[in-house]
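Engineer: Quick one: the structure is below, questions incoming.
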Amino acid sequence: MTEMLTGAQILCRTLVEGGVDVIFGYPGGAIMPFYHALGDHPRLRHILVRHEQAAAHAADGYARASGRVGVCVATSGPGATNLVTGLATAHMDSSPVVAITGQVPRAMIGRDAFQETDIIGMTLPITKQNYLVQDVAELAAVVREALAIAQEGRPGPVLIDVPKDVQNQKTAFLGLGPRGSGLDTRAPSPNPQDPDGVREAARLIAAAERPLLMVGHGVILGNAYTEVRALAEKTGIPVITTLLGISAFPDGHPLFLGMPGMHGEVRVNRAIQHADLIVGIGLRFDDRVTGNTAGFAPRARIVHIDLDRAEIGKNVPVAVGIVGDARDVTRRLAAVVQPRTCVPWLEEIREFTRPRAAAFRGDLAPETILASLYQATEGRCTIVTDVGQHQMWVAKLYPYREPNSHITSGGLGTMGFAVPAAMGVHLARPHETVWAISGDGGFQMNMAEIGTMVQEQLPVKMAIFNNGYLGMVRQWQQFFHGKRYSCTPIWSPDYVKLAEAYGIPGWRVKDAAALPDAVAQANDHAGPALVEFVIEQEANVYPMIPPGGSLSEPIETAPAAGD
Amino acid sequence: MPASHTVAVLLDDALLTLNRAVGVLRRRNVAIEHLALRPSDTAGVSRLTFVLKTDPATADRVVQQFHKIVGVRDVMLVATEDSTTEV
Ligand SMILES: Cc1ncc(C[n+]2csc(CCOP(=O)(O)OP(=O)(O)O)c2C)c(N)n1
């Protein structure tokens, strides 16, 4: 049945139709008609953030945890520009986010009106698609298309810019009914049948002596855990997970090797350098993974499976490229591959393992903290990390057991991501525990979101690794800039008092003795809670491949004083 | 070895689509020798032709990026010329 509705009402109705149940946003002049209409749509829960950047990160966290589109809303001008970092983050990490921005009325566009900004132009390179809606008659179709584009194929962000007068305009609207659009589930990707590629890959696997499986975010996005595990177990090939692939393969599995790249374990990078075949599934051979590509996996032929054909051969030359969904292709590959084992190769890799040098002083070492977190949560929580040293410690030291239980900003490396993204994760998984782990630098970027958590009752657990520095930058200064700690010492407020000011419990942990109790109490608390870990100031992440260096030459100790 | 690669793109006749297409060329940091836009034989569809001066692998990478733009209907690498034979 057609009805006469305003653009603002159509926005709400099409979101509900598309299966959206929560939106993260912040109101303002140019988006007020939408906020007015929102009052009639109780199925859309609105989370009022403290900064639009947090709305975009929260929508991203929601999308990554649920596999469904995350939606954020902002007003024109500064509201829209505040979304940009979050959209760029979602774009780099292929996360399905839809952003709706208010715009000045059509007649004002192009006149530098109050709070007018060219958000379309600004977000062109960081969105899959964006729209300036010029006619209310197009609006319903635009929203439906945006929700579909965000999640089909390789997911990514889409922005819809809606002038205020279009939000107020009326038009005939034909609803599809809730979820009638069928867009709330991830659309299956068009999968060009490539039996030749799969057969050739199977042949290479049969012939290889030192094969590796390298698993990326595509396996999580494509829900291909079972298929990847089946392929690994049928062939005995050891498995590497990239930063965004962490938790795509169980940590305790005998074939699991760990994370490669700049801060990868020595044995993982050495395995890559000795491998004669790398089967990459759903990853893009990012420079943090490969180091200098000229020296990357010099003996290996590469089979690359990815949904995005533009990724095949973009960063490394491939012997066989298969364009397709990680799940479909891996299933077909696992079906045709000859069963085999890789016993001598696994023995060889075991030899690469070196005892980890005593990297930490004092008893509040990152591994001790993470062990107590694992204990308190029994390994059943989602961990969202920020960017820096703590991110690498968590990636390397936390034994993930549940698929898709590790969420981080990989491609863009956005500090300030963890706290707001964790709010989105909670809304996607309301019955599970979510921990946001940040450094003292990144935490201070978006700590205003504690206010959101309190107001909206989002029981996110926040952990701060406080080393008094912008730790990762300080580490680079120590290694590559003669230990000149230029502008990296960072002051922190009293986080326990900060928690108190927001009316939530907070703990400061300075030694291992106090650790288990504080973590357990925070974990079991019904609402948001905060724990600060005061860690060694100059602890480093080892090993480290210097930027642009080869995976064969890791740094494993700090430079001698005076270097 | 750098050569001149002529690429033809059929895309929706919409400024935003064109903007995205040209944005890919800017973003991927390649040298453009020539760029032209004209109507195609189909109403509502434009034909964007450009010449890239680069190695074949980079040319192919650029072509692949064009396939991802919503509103791009077809992308063809129509000619490759060794730049030494160029007039
Ligand atoms: C928004 C943003 N600004 C700057 C950087 C550069 N950067 C990368 S890691 C880092 C230090 C992070 O310090 P902190 O949050 O204290 O974490 P730590 O490394 O100490 O664990 C900085 C400044 C970044 N990644 N993101």
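All residue names refer to the structure tokens as shown: chains lettered A, B, ... in order, residues numbered from 1 in each chain, ligands numbered from 1 in order.
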Within 8 Å of ligand 1, which residues show up when you count only C-alpha atoms and all ligand atoms? List them as an mmCIF file with C-alpha atoms, in the first residue's frame, please.
Structural biologist:
data_model
loop_
_atom_site.group_PDB
_atom_site.id
_atom_site.type_symbol
_atom_site.label_atom_id
_atom_site.label_comp_id
_atom_site.auth_asym_id
_atom_site.auth_seq_id
_atom_site.Cartn_x
_atom_site.Cartn_y
_atom_site.Cartn_z
ATOM 1 C CA ASP A 386 43.224 0.043 19.906
ATOM 2 C CA VAL A 387 46.467 0.764 18.062
ATOM 3 C CA GLY A 388 49.999 0.491 19.357
ATOM 4 C CA GLN A 389 52.092 -1.840 21.455
ATOM 5 C CA HIS A 390 49.187 -3.240 23.454
ATOM 6 C CA GLN A 391 47.485 -4.140 20.156
ATOM 7 C CA LEU A 412 44.155 2.326 8.942
ATOM 8 C CA GLY A 413 45.558 1.753 12.422
ATOM 9 C CA THR A 414 43.178 4.219 14.013
ATOM 10 C CA MET A 415 43.944 5.157 17.608
ATOM 11 C CA GLY A 416 40.753 5.792 19.533
ATOM 12 C CA SER A 438 43.693 0.589 24.779
ATOM 13 C CA GLY A 439 46.946 2.350 25.511
ATOM 14 C CA ASP A 440 46.945 5.503 27.631
ATOM 15 C CA GLY A 441 47.231 7.536 24.407
ATOM 16 C CA GLY A 442 44.408 5.980 22.390
ATOM 17 C CA PHE A 443 42.142 5.735 25.416
ATOM 18 C CA GLN A 444 42.338 9.482 25.936
ATOM 19 C CA PHE A 465 47.763 -0.394 29.351
ATOM 20 C CA ASN A 466 49.360 2.676 30.898
ATOM 21 C CA ASN A 467 53.054 3.005 30.113
ATOM 22 C CA GLY A 468 53.156 6.803 30.278
ATOM 23 C CA TYR A 469 54.175 6.978 26.630
ATOM 24 C CA LEU A 470 52.754 6.805 23.154
ATOM 25 C CA GLY A 471 54.443 3.471 23.400
ATOM 26 C CA MET A 472 54.731 2.279 19.838
ATOM 27 C CA VAL A 473 56.075 5.613 18.629
ATOM 28 C CA ARG A 474 58.465 5.705 21.576
ATOM 29 C CA THR A 488 55.859 10.821 23.253
ATOM 30 C CA ILE A 490 51.953 11.426 27.776
#
Engineer: Please identify every residue of chain A that has at least one atom no more than 7 Å from any atom of chain B, counting only C-alpha atoms, and report them as a ChimeraX atom specification.
Structural biologist: /A:124,129,309-310,314
Engineer: Report as a ChimeraX atom specification all protein, DNA and RNA residues lying within 12 Å of segment 34-43 of chain B, evaluated on only C-alpha atoms, omitting residues in the same chain fewer than 5 positions from it.
Structural biologist: /B:4-15,18-19,21-22,25,48-53,73-74
Engineer: DSSP on the backbone: which residues in segment 77-139 of chain A end up as strand (DSSP E)? Give the answer as a list in words.
Structural biologist: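 The strand (DSSP E) residues within segment 77-139 of chain A come out as Val97, Val98, Ala99, Ile100, Thr101, Gly102, Gln103, Gln129, Asn130, Tyr131 and Leu132 of chain A.
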Engineer: Work out how far apart atom CA of Ala422 of chain A and atom CA of Leu243 of chain A are and give it in Å to one decimal.
Structural biologist: 17.5 Å
Engineer: Please run DSSP on the backbone and report, as JSON, numbers by chain, all residues within segment 30-68 of chain B that come out as helix (DSSP H, G or I).
Structural biologist: {"B": [56, 57, 58, 59, 60, 61, 62, 63, 64, 65, 66, 67]}
Engineer: Store the residues picked out above in a file with N, CA and C atoms, as a compact mmCIF listing (two decimals), in the first residue's frame.
Structural biologist:
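The resulting file, selection-v1.txt, is reproduced below:
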# COMPACT_ATOMS: atom_id res chain seq x y z
N PRO B 56 53.08 -2.76 -17.57
CA PRO B 56 51.83 -3.50 -17.77
C PRO B 56 51.16 -3.92 -16.46
N ALA B 57 51.95 -4.27 -15.46
CA ALA B 57 51.35 -4.72 -14.20
C ALA B 57 50.56 -3.59 -13.54
N THR B 58 51.14 -2.38 -13.57
CA THR B 58 50.44 -1.23 -12.98
C THR B 58 49.18 -0.91 -13.78
N ALA B 59 49.30 -0.97 -15.11
CA ALA B 59 48.13 -0.71 -15.95
C ALA B 59 47.00 -1.68 -15.59
N ASP B 60 47.37 -2.93 -15.40
CA ASP B 60 46.36 -3.92 -15.05
C ASP B 60 45.75 -3.63 -13.68
N ARG B 61 46.57 -3.20 -12.75
CA ARG B 61 46.06 -2.86 -11.41
C ARG B 61 45.03 -1.74 -11.48
N VAL B 62 45.33 -0.75 -12.34
CA VAL B 62 44.39 0.38 -12.48
C VAL B 62 43.08 -0.11 -13.09
N VAL B 63 43.20 -0.94 -14.12
CA VAL B 63 41.99 -1.47 -14.77
C VAL B 63 41.14 -2.23 -13.75
N GLN B 64 41.79 -3.03 -12.92
CA GLN B 64 41.04 -3.80 -11.92
C GLN B 64 40.27 -2.88 -10.96
N GLN B 65 40.88 -1.76 -10.60
CA GLN B 65 40.20 -0.83 -9.69
C GLN B 65 38.93 -0.26 -10.32
N PHE B 66 38.98 -0.06 -11.64
CA PHE B 66 37.80 0.49 -12.31
C PHE B 66 36.60 -0.44 -12.24
N HIS B 67 36.88 -1.75 -12.27
CA HIS B 67 35.77 -2.71 -12.20
C HIS B 67 34.97 -2.55 -10.91
Engineer: I want to know what sits within 6 Å of Ala30 of chain A, based on only C-alpha atoms, with residues of the same chain fewer than 6 positions away left out; could you give that as a PyMOL selection string?
Structural biologist: chain A and resi 75-76+102-104+164
Engineer: Have a look at A:Glu145, A:Asp276, A:Asp165, A:Asp251 and name the one nearest to Met108 of chain A; count only C-alpha atoms.
Structural biologist: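 Closest candidate: A:Asp165.
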